[in-house]
$ cat protein-v3.cif   # mmCIF, C-alpha atoms
data_coords
#
loop_
_atom_site.group_PDB
_atom_site.id
_atom_site.type_symbol
_atom_site.label_atom_id
_atom_site.label_comp_id
_atom_site.auth_asym_id
_atom_site.auth_seq_id
_atom_site.Cartn_x
_atom_site.Cartn_y
_atom_site.Cartn_z
ATOM 1 C CA MET A 1 -165.147 23.214 26.345
ATOM 2 C CA GLU A 2 -165.894 25.616 29.191
ATOM 3 C CA LEU A 3 -168.320 28.457 28.617
ATOM 4 C CA GLU A 4 -166.837 31.951 28.777
ATOM 5 C CA ILE A 5 -168.352 35.441 28.852
ATOM 6 C CA ARG A 6 -167.874 35.742 25.084
ATOM 7 C CA HIS A 7 -169.976 32.612 24.571
ATOM 8 C CA LEU A 8 -172.802 34.141 26.595
ATOM 9 C CA LYS A 9 -172.632 37.261 24.444
ATOM 10 C CA VAL A 10 -172.893 35.058 21.351
ATOM 11 C CA LEU A 11 -176.069 33.428 22.652
ATOM 12 C CA THR A 12 -177.769 36.657 23.698
ATOM 13 C CA THR A 13 -176.879 38.431 20.441
ATOM 14 C CA ILE A 14 -178.294 35.578 18.345
ATOM 15 C CA ALA A 15 -181.442 35.535 20.494
ATOM 16 C CA ASP A 16 -181.861 39.326 20.310
ATOM 17 C CA HIS A 17 -181.633 39.374 16.506
ATOM 18 C CA GLY A 18 -183.423 36.073 15.856
ATOM 19 C CA SER A 19 -180.929 35.229 13.146
ATOM 20 C CA ILE A 20 -177.367 33.948 12.924
ATOM 21 C CA THR A 21 -176.901 35.911 9.706
ATOM 22 C CA LYS A 22 -177.941 39.194 11.358
ATOM 23 C CA ALA A 23 -175.936 38.520 14.525
ATOM 24 C CA ALA A 24 -172.681 37.696 12.703
ATOM 25 C CA PRO A 25 -171.691 41.257 11.639
ATOM 26 C CA ILE A 26 -172.651 42.604 15.066
ATOM 27 C CA LEU A 27 -170.272 40.107 16.673
ATOM 28 C CA GLY A 28 -167.602 40.819 14.064
ATOM 29 C CA VAL A 29 -167.461 37.290 12.605
ATOM 30 C CA SER A 30 -168.637 35.581 9.437
ATOM 31 C CA GLN A 31 -171.928 33.674 9.329
ATOM 32 C CA PRO A 32 -170.242 30.233 8.863
ATOM 33 C CA SER A 33 -167.886 30.971 11.781
ATOM 34 C CA LEU A 34 -170.782 31.950 14.042
ATOM 35 C CA THR A 35 -172.752 28.852 13.026
ATOM 36 C CA ALA A 36 -169.786 26.648 13.929
ATOM 37 C CA GLN A 37 -169.310 28.481 17.236
ATOM 38 C CA LEU A 38 -172.966 28.013 18.172
ATOM 39 C CA ARG A 39 -172.710 24.323 17.324
ATOM 40 C CA ARG A 40 -169.740 23.941 19.689
ATOM 41 C CA ILE A 41 -171.615 25.763 22.475
ATOM 42 C CA GLU A 42 -174.636 23.513 22.023
ATOM 43 C CA GLN A 43 -172.405 20.429 22.096
ATOM 44 C CA ALA A 44 -170.853 21.655 25.346
ATOM 45 C CA MET A 45 -174.331 22.235 26.814
ATOM 46 C CA GLY A 46 -175.513 18.810 25.677
ATOM 47 C CA SER A 47 -178.722 20.036 24.038
ATOM 48 C CA PRO A 48 -179.878 22.371 21.247
ATOM 49 C CA LEU A 49 -180.366 25.963 22.363
ATOM 50 C CA PHE A 50 -182.120 27.243 19.230
ATOM 51 C CA GLU A 51 -184.599 25.890 16.731
ATOM 52 C CA ARG A 52 -183.725 26.690 13.117
ATOM 53 C CA SER A 53 -186.268 27.737 10.489
ATOM 54 C CA ARG A 54 -186.331 29.546 7.158
ATOM 55 C CA THR A 55 -187.043 32.839 8.915
ATOM 56 C CA GLY A 56 -184.275 32.561 11.509
ATOM 57 C CA VAL A 57 -183.794 30.957 14.903
ATOM 58 C CA ALA A 58 -185.805 30.836 18.145
ATOM 59 C CA PRO A 59 -184.708 29.577 21.592
ATOM 60 C CA THR A 60 -185.746 26.099 22.646
ATOM 61 C CA ALA A 61 -187.230 25.606 26.117
ATOM 62 C CA PHE A 62 -183.758 24.697 27.373
ATOM 63 C CA GLY A 63 -182.328 27.628 25.459
ATOM 64 C CA ARG A 64 -184.668 30.070 27.215
ATOM 65 C CA THR A 65 -183.401 28.810 30.571
ATOM 66 C CA VAL A 66 -179.768 29.197 29.504
ATOM 67 C CA LEU A 67 -180.430 32.669 28.084
ATOM 68 C CA ALA A 68 -182.031 33.848 31.324
ATOM 69 C CA LYS A 69 -178.948 32.785 33.264
ATOM 70 C CA ALA A 70 -176.629 34.226 30.614
ATOM 71 C CA ARG A 71 -178.314 37.624 30.778
ATOM 72 C CA ALA A 72 -178.079 37.603 34.561
ATOM 73 C CA VAL A 73 -174.340 36.870 34.406
ATOM 74 C CA LEU A 74 -173.738 39.584 31.793
ATOM 75 C CA THR A 75 -175.691 42.087 33.907
ATOM 76 C CA GLU A 76 -173.580 41.251 36.962
ATOM 77 C CA MET A 77 -170.389 41.674 34.931
ATOM 78 C CA ALA A 78 -171.583 45.080 33.688
ATOM 79 C CA ASP A 79 -172.297 46.122 37.290
ATOM 80 C CA LEU A 80 -168.786 45.110 38.313
ATOM 81 C CA ARG A 81 -167.279 47.271 35.586
ATOM 82 C CA ILE A 82 -169.348 50.253 36.726
ATOM 83 C CA GLN A 83 -168.238 49.767 40.338
ATOM 84 C CA GLN A 84 -164.603 49.868 39.278
ATOM 85 C CA GLY A 85 -165.020 53.631 38.866
ATOM 86 C CA PRO A 86 -163.312 55.857 36.343
ATOM 87 C CA SER A 87 -160.006 54.810 34.817
ATOM 88 C CA ASP A 88 -156.736 56.505 35.582
ATOM 89 C CA GLU A 89 -156.200 59.793 33.818
ATOM 90 C CA ASP A 90 -153.281 58.383 31.888
ATOM 91 C CA ARG A 91 -155.295 55.492 30.484
ATOM 92 C CA ALA A 92 -154.858 55.232 26.702
ATOM 93 C CA ALA A 93 -157.618 56.271 24.351
ATOM 94 C CA GLU A 94 -158.841 53.446 22.127
ATOM 95 C CA LEU A 95 -159.463 53.479 18.382
ATOM 96 C CA ARG A 96 -161.063 50.447 16.741
ATOM 97 C CA LEU A 97 -160.213 50.629 13.052
ATOM 98 C CA GLY A 98 -161.541 48.243 10.417
ATOM 99 C CA ALA A 99 -160.320 47.654 6.890
ATOM 100 C CA LEU A 100 -160.492 45.269 3.979
ATOM 101 C CA PRO A 101 -157.635 42.723 3.862
ATOM 102 C CA GLY A 102 -154.580 44.088 2.098
ATOM 103 C CA PRO A 103 -151.301 45.927 2.584
ATOM 104 C CA LEU A 104 -152.733 49.280 3.717
ATOM 105 C CA LEU A 105 -153.701 48.559 7.332
ATOM 106 C CA PRO A 106 -150.236 47.558 8.646
ATOM 107 C CA VAL A 107 -148.801 50.751 7.128
ATOM 108 C CA VAL A 108 -151.509 53.150 8.245
ATOM 109 C CA LEU A 109 -151.529 52.192 11.944
ATOM 110 C CA PRO A 110 -148.023 53.557 12.702
ATOM 111 C CA ARG A 111 -148.830 56.732 10.758
ATOM 112 C CA ILE A 112 -151.986 57.282 12.837
ATOM 113 C CA ALA A 113 -149.915 56.935 16.016
ATOM 114 C CA GLU A 114 -147.315 59.396 14.716
ATOM 115 C CA LEU A 115 -149.859 62.058 13.743
ATOM 116 C CA TYR A 116 -151.779 61.585 16.994
ATOM 117 C CA ASP A 117 -148.613 62.046 19.066
ATOM 118 C CA GLU A 118 -147.675 65.147 17.060
ATOM 119 C CA ARG A 119 -151.016 66.784 17.919
ATOM 120 C CA ARG A 120 -151.428 65.349 21.379
ATOM 121 C CA LYS A 121 -151.672 67.871 24.184
ATOM 122 C CA PRO A 122 -150.125 67.168 27.611
ATOM 123 C CA ALA A 123 -153.526 66.430 29.172
ATOM 124 C CA GLN A 124 -154.583 64.022 26.405
ATOM 125 C CA PRO A 125 -154.174 60.260 26.866
ATOM 126 C CA SER A 126 -151.995 58.151 24.604
ATOM 127 C CA LEU A 127 -153.651 56.135 21.829
ATOM 128 C CA ASP A 128 -154.136 52.390 21.396
ATOM 129 C CA VAL A 129 -155.331 51.256 17.977
ATOM 130 C CA HIS A 130 -157.026 47.886 17.512
ATOM 131 C CA ALA A 131 -157.381 46.577 13.964
ATOM 132 C CA HIS A 132 -160.108 44.420 12.451
ATOM 133 C CA THR A 133 -160.251 43.133 8.863
ATOM 134 C CA ASP A 134 -163.104 41.621 6.901
ATOM 135 C CA SER A 135 -163.340 40.858 3.194
ATOM 136 C CA SER A 136 -166.958 42.065 3.193
ATOM 137 C CA MET A 137 -167.322 45.831 3.017
ATOM 138 C CA ALA A 138 -170.977 45.514 4.033
ATOM 139 C CA THR A 139 -169.889 43.787 7.244
ATOM 140 C CA LEU A 140 -167.379 46.542 8.027
ATOM 141 C CA LEU A 141 -170.063 49.195 7.558
ATOM 142 C CA ALA A 142 -172.458 47.228 9.778
ATOM 143 C CA LEU A 143 -169.818 47.084 12.513
ATOM 144 C CA VAL A 144 -169.247 50.851 12.320
ATOM 145 C CA HIS A 145 -172.996 51.446 12.388
ATOM 146 C CA ALA A 146 -173.379 49.146 15.406
ATOM 147 C CA GLY A 147 -170.600 50.951 17.285
ATOM 148 C CA ARG A 148 -168.273 47.941 17.309
ATOM 149 C CA LEU A 149 -165.799 49.826 15.105
ATOM 150 C CA ASP A 150 -165.037 53.541 15.325
ATOM 151 C CA ALA A 151 -163.957 53.846 11.706
ATOM 152 C CA ALA A 152 -163.256 51.685 8.674
ATOM 153 C CA LEU A 153 -161.293 51.997 5.443
ATOM 154 C CA ILE A 154 -163.463 50.714 2.605
ATOM 155 C CA ALA A 155 -163.351 50.548 -1.177
ATOM 156 C CA GLN A 156 -166.442 51.416 -3.211
ATOM 157 C CA THR A 157 -166.559 49.785 -6.649
ATOM 158 C CA LEU A 158 -167.136 52.629 -9.093
ATOM 159 C CA GLY A 159 -170.580 52.331 -10.638
ATOM 160 C CA HIS A 160 -171.663 49.768 -8.037
ATOM 161 C CA GLU A 161 -171.396 51.754 -4.796
ATOM 162 C CA LEU A 162 -173.013 50.357 -1.664
ATOM 163 C CA PRO A 163 -175.249 52.784 0.270
ATOM 164 C CA LEU A 164 -173.851 53.824 3.644
ATOM 165 C CA PRO A 165 -175.914 53.092 6.766
ATOM 166 C CA GLU A 166 -177.713 56.076 8.241
ATOM 167 C CA GLY A 167 -175.449 58.200 10.418
ATOM 168 C CA ILE A 168 -172.193 56.993 8.855
ATOM 169 C CA LYS A 169 -169.963 59.708 7.429
ATOM 170 C CA HIS A 170 -167.273 59.281 4.811
ATOM 171 C CA ALA A 171 -164.347 61.030 3.131
ATOM 172 C CA VAL A 172 -162.391 60.128 0.007
ATOM 173 C CA VAL A 173 -158.833 58.889 0.494
ATOM 174 C CA VAL A 174 -157.967 57.878 -3.099
ATOM 175 C CA PRO A 175 -160.513 58.779 -5.809
ATOM 176 C CA VAL A 176 -159.613 56.014 -8.278
ATOM 177 C CA GLU A 177 -157.697 52.774 -7.765
ATOM 178 C CA PRO A 178 -157.819 50.350 -10.693
ATOM 179 C CA VAL A 179 -158.523 46.672 -10.116
ATOM 180 C CA PHE A 180 -155.745 44.532 -11.617
ATOM 181 C CA VAL A 181 -155.548 40.856 -12.556
ATOM 182 C CA ALA A 182 -153.227 38.345 -10.847
ATOM 183 C CA LEU A 183 -151.625 35.642 -12.988
ATOM 184 C CA SER A 184 -149.032 32.922 -12.674
ATOM 185 C CA GLU A 185 -145.611 34.204 -13.722
ATOM 186 C CA ARG A 186 -145.673 31.349 -16.268
ATOM 187 C CA HIS A 187 -148.955 32.512 -17.799
ATOM 188 C CA PRO A 188 -148.712 33.420 -21.522
ATOM 189 C CA LEU A 189 -149.948 36.953 -20.712
ATOM 190 C CA ALA A 190 -147.534 37.513 -17.812
ATOM 191 C CA ASP A 191 -145.017 39.334 -20.020
ATOM 192 C CA LYS A 192 -147.561 41.902 -21.200
ATOM 193 C CA GLN A 193 -147.553 45.314 -19.535
ATOM 194 C CA VAL A 194 -151.330 45.640 -19.939
ATOM 195 C CA VAL A 195 -153.878 42.829 -20.363
ATOM 196 C CA GLU A 196 -157.104 43.137 -22.348
ATOM 197 C CA LEU A 197 -160.010 41.700 -20.393
ATOM 198 C CA ALA A 198 -161.214 39.905 -23.543
ATOM 199 C CA GLU A 199 -157.898 38.004 -23.610
ATOM 200 C CA LEU A 200 -158.988 36.269 -20.406
ATOM 201 C CA ALA A 201 -162.027 34.584 -21.959
ATOM 202 C CA GLY A 202 -161.835 30.873 -21.221
ATOM 203 C CA GLU A 203 -159.675 31.324 -18.126
ATOM 204 C CA GLN A 204 -160.697 29.821 -14.781
ATOM 205 C CA TRP A 205 -161.154 32.363 -11.985
ATOM 206 C CA VAL A 206 -160.829 32.044 -8.213
ATOM 207 C CA VAL A 207 -162.923 34.498 -6.162
ATOM 208 C CA ASP A 208 -163.522 35.239 -2.504
ATOM 209 C CA PRO A 209 -167.192 34.375 -1.781
ATOM 210 C CA GLN A 210 -167.331 36.863 1.107
ATOM 211 C CA GLU A 211 -165.906 39.759 -0.868
ATOM 212 C CA ASP A 212 -168.224 42.490 -2.148
ATOM 213 C CA LEU A 213 -165.425 44.664 -3.539
ATOM 214 C CA GLY A 214 -165.100 43.986 -7.265
ATOM 215 C CA GLY A 215 -166.238 40.450 -6.490
ATOM 216 C CA ALA A 216 -167.901 37.828 -8.663
ATOM 217 C CA ALA A 217 -170.948 39.956 -9.548
ATOM 218 C CA TYR A 218 -168.868 42.903 -10.747
ATOM 219 C CA LEU A 219 -166.398 40.590 -12.489
ATOM 220 C CA ARG A 220 -169.276 39.023 -14.415
ATOM 221 C CA ALA A 221 -170.632 42.438 -15.398
ATOM 222 C CA ALA A 222 -167.237 43.592 -16.688
ATOM 223 C CA CYS A 223 -166.609 40.346 -18.573
ATOM 224 C CA ARG A 224 -170.028 40.488 -20.217
ATOM 225 C CA GLU A 225 -169.162 43.990 -21.434
ATOM 226 C CA ALA A 226 -166.045 42.415 -22.944
ATOM 227 C CA GLY A 227 -168.155 39.747 -24.678
ATOM 228 C CA PHE A 228 -167.756 36.632 -22.552
ATOM 229 C CA GLU A 229 -168.945 34.926 -19.378
ATOM 230 C CA PRO A 230 -166.207 34.271 -16.783
ATOM 231 C CA LEU A 231 -165.755 30.735 -15.514
ATOM 232 C CA ILE A 232 -165.760 30.871 -11.694
ATOM 233 C CA ALA A 233 -163.915 27.660 -10.888
ATOM 234 C CA HIS A 234 -163.259 28.103 -7.158
ATOM 235 C CA GLU A 235 -164.521 30.167 -4.233
ATOM 236 C CA VAL A 236 -161.760 30.606 -1.667
ATOM 237 C CA ASN A 237 -161.620 33.013 1.279
ATOM 238 C CA ASP A 238 -158.062 32.452 2.511
ATOM 239 C CA VAL A 239 -154.987 33.967 0.917
ATOM 240 C CA GLY A 240 -152.767 30.888 1.122
ATOM 241 C CA THR A 241 -155.095 28.644 -0.881
ATOM 242 C CA ALA A 242 -155.846 31.376 -3.415
ATOM 243 C CA ARG A 243 -152.128 32.016 -3.987
ATOM 244 C CA GLY A 244 -151.647 28.301 -4.550
ATOM 245 C CA PHE A 245 -154.238 28.274 -7.327
ATOM 246 C CA LEU A 246 -152.663 31.380 -8.890
ATOM 247 C CA SER A 247 -148.980 30.463 -8.703
ATOM 248 C CA SER A 248 -149.646 26.961 -10.057
ATOM 249 C CA GLY A 249 -151.365 28.433 -13.093
ATOM 250 C CA GLN A 250 -154.703 26.759 -12.397
ATOM 251 C CA CYS A 251 -156.589 30.045 -12.018
ATOM 252 C CA ILE A 252 -156.419 33.800 -12.303
ATOM 253 C CA SER A 253 -158.070 36.383 -10.044
ATOM 254 C CA LEU A 254 -158.775 40.040 -9.570
ATOM 255 C CA ALA A 255 -156.190 41.809 -7.423
ATOM 256 C CA GLN A 256 -155.631 45.082 -5.605
ATOM 257 C CA ALA A 257 -153.305 47.359 -7.543
ATOM 258 C CA THR A 258 -151.074 47.625 -4.458
ATOM 259 C CA SER A 259 -150.614 43.850 -4.310
ATOM 260 C CA GLN A 260 -146.977 42.782 -4.196
ATOM 261 C CA GLU A 261 -145.709 40.486 -6.908
ATOM 262 C CA GLY A 262 -143.544 37.456 -6.208
ATOM 263 C CA ARG A 263 -143.705 33.810 -5.219
ATOM 264 C CA GLY A 264 -144.818 32.850 -8.703
ATOM 265 C CA ILE A 265 -147.427 35.580 -9.207
ATOM 266 C CA VAL A 266 -147.506 38.750 -11.313
ATOM 267 C CA VAL A 267 -150.126 41.515 -11.128
ATOM 268 C CA ARG A 268 -151.096 43.374 -14.296
ATOM 269 C CA PRO A 269 -153.448 46.274 -15.142
ATOM 270 C CA LEU A 270 -156.511 45.693 -17.314
ATOM 271 C CA ALA A 271 -156.756 47.858 -20.413
ATOM 272 C CA GLY A 272 -159.238 50.697 -19.963
ATOM 273 C CA ASP A 273 -159.675 49.936 -16.232
ATOM 274 C CA PRO A 274 -163.026 48.101 -16.580
ATOM 275 C CA LEU A 275 -163.092 47.723 -12.806
ATOM 276 C CA ALA A 276 -161.970 50.433 -10.388
ATOM 277 C CA VAL A 277 -162.633 51.424 -6.798
ATOM 278 C CA ARG A 278 -162.654 54.560 -4.670
ATOM 279 C CA LEU A 279 -160.949 54.272 -1.284
ATOM 280 C CA GLU A 280 -162.872 55.955 1.508
ATOM 281 C CA LEU A 281 -162.698 56.459 5.243
ATOM 282 C CA THR A 282 -165.998 55.894 7.051
ATOM 283 C CA TRP A 283 -166.678 56.685 10.676
ATOM 284 C CA ALA A 284 -169.410 56.921 13.281
ATOM 285 C CA GLN A 285 -170.579 60.103 14.952
ATOM 286 C CA GLU A 286 -168.427 59.609 18.070
ATOM 287 C CA CYS A 287 -165.041 58.721 16.572
ATOM 288 C CA PRO A 288 -162.374 59.046 19.312
ATOM 289 C CA VAL A 289 -159.768 60.332 16.812
ATOM 290 C CA ALA A 290 -160.384 63.238 14.458
ATOM 291 C CA PRO A 291 -161.495 61.814 11.083
ATOM 292 C CA GLU A 292 -159.304 64.381 9.331
ATOM 293 C CA LEU A 293 -156.260 62.863 11.066
ATOM 294 C CA LEU A 294 -157.322 59.346 10.054
ATOM 295 C CA ARG A 295 -157.894 60.369 6.441
ATOM 296 C CA ARG A 296 -154.509 62.064 6.252
ATOM 297 C CA ALA A 297 -152.775 59.055 7.799
ATOM 298 C CA ALA A 298 -154.478 56.708 5.330
ATOM 299 C CA ALA A 299 -153.558 58.875 2.345
ATOM 300 C CA GLU A 300 -149.919 59.215 3.379
ATOM 301 C CA ALA A 301 -149.629 55.516 4.153
ATOM 302 C CA TYR A 302 -151.213 54.619 0.823
ATOM 303 C CA PHE A 303 -148.655 56.686 -1.056
ATOM 304 C CA GLN A 304 -145.939 54.424 0.395
ATOM 305 C CA LEU A 305 -147.518 51.388 -1.294
ATOM 306 C CA ILE A 306 -147.569 52.588 -4.887
ATOM 307 C CA ASP A 307 -144.121 51.305 -5.784
ATOM 308 C CA ARG A 308 -144.783 47.824 -4.336
ATOM 309 C CA ASN A 309 -146.015 46.837 -7.779
ATOM 310 C CA PRO A 310 -144.065 48.245 -10.790
ATOM 311 C CA SER A 311 -147.184 47.960 -12.954
ATOM 312 C CA TYR A 312 -149.122 50.142 -10.545
ATOM 313 C CA GLN A 313 -146.313 52.660 -10.262
ATOM 314 C CA HIS A 314 -146.381 52.967 -14.068
ATOM 315 C CA TRP A 315 -150.194 53.326 -14.036
ATOM 316 C CA TRP A 316 -149.985 55.938 -11.279
ATOM 317 C CA ASN A 317 -147.396 58.008 -13.129
ATOM 318 C CA GLU A 318 -149.527 57.938 -16.283
ATOM 319 C CA HIS A 319 -152.644 59.116 -14.454
ATOM 320 C CA TYR A 320 -151.268 61.333 -11.677
ATOM 321 C CA GLY A 321 -147.697 62.046 -12.696
ATOM 322 C CA ASP A 322 -144.980 62.115 -10.067
ATOM 323 C CA GLU A 323 -147.146 64.056 -7.651
ATOM 324 C CA ARG A 324 -149.882 62.879 -5.357
ATOM 325 C CA PRO A 325 -153.411 63.527 -6.622
ATOM 326 C CA PRO A 326 -155.100 66.601 -5.113
ATOM 327 C CA VAL A 327 -157.050 64.572 -2.532
ATOM 328 C CA LEU A 328 -153.801 63.427 -0.962
#
$ encode --input "protein-v3.cif" --output "structure tokens"
Amino acid sequence: MELEIRHLKVLTTIADHGSITKAAPILGVSQPSLTAQLRRIEQAMGSPLFERSRTGVAPTAFGRTVLAKARAVLTEMADLRIQQGPSDEDRAAELRLGALPGPLLPVVLPRIAELYDERRKPAQPSLDVHAHTDSSMATLLALVHAGRLDAALIAQTLGHELPLPEGIKHAVVVPVEPVFVALSERHPLADKQVVELAELAGEQWVVDPQEDLGGAAYLRAACREAGFEPLIAHEVNDVGTARGFLSSGQCISLAQATSQEGRGIVVRPLAGDPLAVRLELTWAQECPVAPELLRRAAAEAYFQLIDRNPSYQHWWNEHYGDERPPVL
């Protein structure tokens, strides 16, 4: 393994924050991924660069030497970029947009480009949009706050909202989206139009350990209200493995209402909507694209997803009718 500029940034960010956990959201990766990356760097260097403790990490003597050289290299690279001078006038503007995993992001990006081009004046540059997903809403907000993302589409669990970092603004995209349950198409409850949460007592659940949107804590709270304790059988953070557990009938899980059925899985609403979220756009002070444009693009893109799941289309029509809700 040969060290690259990105590896030097990893080392200096960890050193600056004194913690792998704190450095991970700044670098836009998960804590386990950053730990593994640091281990590979140390193996390439042939010696530990940091000493671990309960309170964080601190550079070893060898690590301090490496960090001094790394900072010098990064400074030289920054100087080179400055000496390149201003970019061409026709250089594209850049928008770094984050979102939770799901079907919305691939649909909203083209709509942002369309709306931007409609409003673009002759002197304005074109727009490049770079996407970033993370199953942790807290991580997305930290990236916006740190300036590594310009904006992010998040989902606040109603009744369990996370506070926004100071300086982060937000606007509602969809006021209420119910959280559904995903089941094997062979599950005894798969033929029901609506599932009572109490009917799921005794079922084994699979959850994403990195998710803080309607995740295990909120699932437990809702199930306790329904009179039982959910059995969390597996913690899985990749879609392929989770779908395998679901389609085989080994587990059930919470699901976004816009999730598409198929490949052995059905998605059903929970009676009374014991778990629901509010979709919001969050952005930093210096967002390169007007937040109003981003919110409109997200709302219009979202409306295209409603009929992906017949159960959600039925729920939507019952709550909003055939029209979009006022916020859209």
$ residues_around --input "protein-v3.cif" --residues "stretch 36-40 of chain A" --least-positions-apart "4" --cutoff "8 Å" --atoms "all atoms listed in the file" --output "PyMOL selection string"
chain A and resi 10-11+32+44
$ residues_around --input "protein-v3.cif" --residues "A:Val195" --least-positions-apart "2" --cutoff "7 Å" --atoms "all atoms listed in the file" --output "CSV table (one decimal) with C-alpha atoms, in the coordinates of the input"
chain,number,residue,atom,x,y,z
A,192,LYS,CA,-147.6,41.9,-21.2
A,193,GLN,CA,-147.6,45.3,-19.5
A,197,LEU,CA,-160.0,41.7,-20.4
A,268,ARG,CA,-151.1,43.4,-14.3
A,269,PRO,CA,-153.4,46.3,-15.1
A,270,LEU,CA,-156.5,45.7,-17.3
A,271,ALA,CA,-156.8,47.9,-20.4
$ residues_around --input "protein-v3.cif" --residues "A:Arg278" --least-positions-apart "6" --cutoff "9 Å" --atoms "only C-alpha atoms" --output "PyMOL selection string"
chain A and resi 154-158+172-178
$ residues_around --input "protein-v3.cif" --residues "A:Tyr218" --least-positions-apart "3" --cutoff "12 Å" --atoms "all atoms listed in the file" --output "number ranges by chain"
A: 156-161, 179, 207, 211-215, 221-225, 229-230, 254, 274-277
$ atom_distance --input "protein-v3.cif" --atom1 "atom CA of A:Glu94" --atom2 "atom CA of A:Ala152"
14.3 Å
$ atom_distance --input "protein-v3.cif" --atom1 "atom CA of A:Gly262" --atom2 "atom CA of A:Val194"
17.8 Å
$ resolve_selection --input "protein-v3.cif" --expression "the PyMOL selection byres ((chain A and resi 26-28) around 7)" --output "list of chain:residue names"
A:Ala23, A:Ala24, A:Pro25, A:Val29, A:Leu143, A:Ala146
$ resolve_selection --input "protein-v3.cif" --expression "the PyMOL selection byres ((chain A and resi 284) around 12)" --output "MDAnalysis selection string"
chainID A and resid 95:97 140:152 164:170 281:283 285:291
$ closest_residue --input "protein-v3.cif" --among "A:Met45, A:Leu153, A:Ala72, A:Ala216" --to "A:Ala297" --atoms "only C-alpha atoms"
A:Leu153
$ axis_aligned_box --input "protein-v3.cif" --around "stretch 265-271 of chain A" --padding-each-side "3 Å" --output "AutoDock Vina command-line options"
--center_x -152.1 --center_y 41.7 --center_z -14.8 --size_x 15.3 --size_y 18.3 --size_z 17.2
$ atom_distance --input "protein-v3.cif" --atom1 "atom CA of A:Glu300" --atom2 "atom CA of A:Ala171"
14.5 Å
$ closest_residue --input "protein-v3.cif" --among "A:Ala242, A:Ala298, A:Ala93, A:Ala257" --to "A:Trp315" --atoms "only C-alpha atoms"
A:Ala257
$ resolve_selection --input "protein-v3.cif" --expression "the PyMOL selection byres ((chain A and resi 308) around 12)" --output "VMD selection string"
chain A and resid 103 to 104 256 to 262 266 to 267 302 to 307 309 to 314 316
$ write_last_selection --input "protein-v3.cif" --atoms "C-alpha atoms" --output "compact mmCIF listing (two decimals), in the frame of the given file"
# COMPACT_ATOMS: atom_id res chain seq x y z
CA PRO A 103 -151.30 45.93 2.58
CA LEU A 104 -152.73 49.28 3.72
CA GLN A 256 -155.63 45.08 -5.60
CA ALA A 257 -153.30 47.36 -7.54
CA THR A 258 -151.07 47.62 -4.46
CA SER A 259 -150.61 43.85 -4.31
CA GLN A 260 -146.98 42.78 -4.20
CA GLU A 261 -145.71 40.49 -6.91
CA GLY A 262 -143.54 37.46 -6.21
CA VAL A 266 -147.51 38.75 -11.31
CA VAL A 267 -150.13 41.52 -11.13
CA TYR A 302 -151.21 54.62 0.82
CA PHE A 303 -148.66 56.69 -1.06
CA GLN A 304 -145.94 54.42 0.40
CA LEU A 305 -147.52 51.39 -1.29
CA ILE A 306 -147.57 52.59 -4.89
CA ASP A 307 -144.12 51.30 -5.78
CA ASN A 309 -146.01 46.84 -7.78
CA PRO A 310 -144.06 48.24 -10.79
CA SER A 311 -147.18 47.96 -12.95
CA TYR A 312 -149.12 50.14 -10.54
CA GLN A 313 -146.31 52.66 -10.26
CA HIS A 314 -146.38 52.97 -14.07
CA TRP A 316 -149.99 55.94 -11.28
$ residues_around --input "protein-v3.cif" --residues "A:Gly98" --least-positions-apart "3" --cutoff "6 Å" --atoms "only C-alpha atoms" --output "number ranges by chain"
A: 131-133, 152
$ residues_near_point --input "protein-v3.cif" --point "(-164.9, 31.1, 0.9)" --cutoff "8 Å" --atoms "only C-alpha atoms" --output "ChimeraX atom specification"
/A:208-210,235-238
$ build_atoms --input "protein-v3.cif" --residues "stretch 223-229 of chain A" --atoms "N, CA, C and O atoms" --output "PDB file, in the coordinates of the input"
ATOM      1  N   CYS A 223    -166.914  41.335 -17.534  1.00  0.00           N
ATOM      2  CA  CYS A 223    -166.609  40.346 -18.573  1.00  0.00           C
ATOM      3  C   CYS A 223    -167.698  40.307 -19.639  1.00  0.00           C
ATOM      4  O   CYS A 223    -167.402  40.146 -20.834  1.00  0.00           O
ATOM      5  N   ARG A 224    -168.943  40.461 -19.229  1.00  0.00           N
ATOM      6  CA  ARG A 224    -170.028  40.488 -20.217  1.00  0.00           C
ATOM      7  C   ARG A 224    -169.878  41.675 -21.151  1.00  0.00           C
ATOM      8  O   ARG A 224    -170.166  41.588 -22.344  1.00  0.00           O
ATOM      9  N   GLU A 225    -169.431  42.817 -20.586  1.00  0.00           N
ATOM     10  CA  GLU A 225    -169.162  43.990 -21.434  1.00  0.00           C
ATOM     11  C   GLU A 225    -168.075  43.671 -22.446  1.00  0.00           C
ATOM     12  O   GLU A 225    -168.069  44.214 -23.552  1.00  0.00           O
ATOM     13  N   ALA A 226    -167.143  42.795 -22.048  1.00  0.00           N
ATOM     14  CA  ALA A 226    -166.045  42.415 -22.944  1.00  0.00           C
ATOM     15  C   ALA A 226    -166.424  41.265 -23.863  1.00  0.00           C
ATOM     16  O   ALA A 226    -165.609  40.827 -24.680  1.00  0.00           O
ATOM     17  N   GLY A 227    -167.662  40.744 -23.735  1.00  0.00           N
ATOM     18  CA  GLY A 227    -168.155  39.747 -24.678  1.00  0.00           C
ATOM     19  C   GLY A 227    -168.038  38.306 -24.251  1.00  0.00           C
ATOM     20  O   GLY A 227    -168.168  37.404 -25.088  1.00  0.00           O
ATOM     21  N   PHE A 228    -167.833  38.031 -22.974  1.00  0.00           N
ATOM     22  CA  PHE A 228    -167.756  36.632 -22.552  1.00  0.00           C
ATOM     23  C   PHE A 228    -168.247  36.491 -21.112  1.00  0.00           C
ATOM     24  O   PHE A 228    -168.390  37.474 -20.390  1.00  0.00           O
ATOM     25  N   GLU A 229    -168.509  35.252 -20.731  1.00  0.00           N
ATOM     26  CA  GLU A 229    -168.945  34.926 -19.378  1.00  0.00           C
ATOM     27  C   GLU A 229    -167.771  34.292 -18.637  1.00  0.00           C
ATOM     28  O   GLU A 229    -167.198  33.299 -19.091  1.00  0.00           O
TER      29      GLU A 229
END
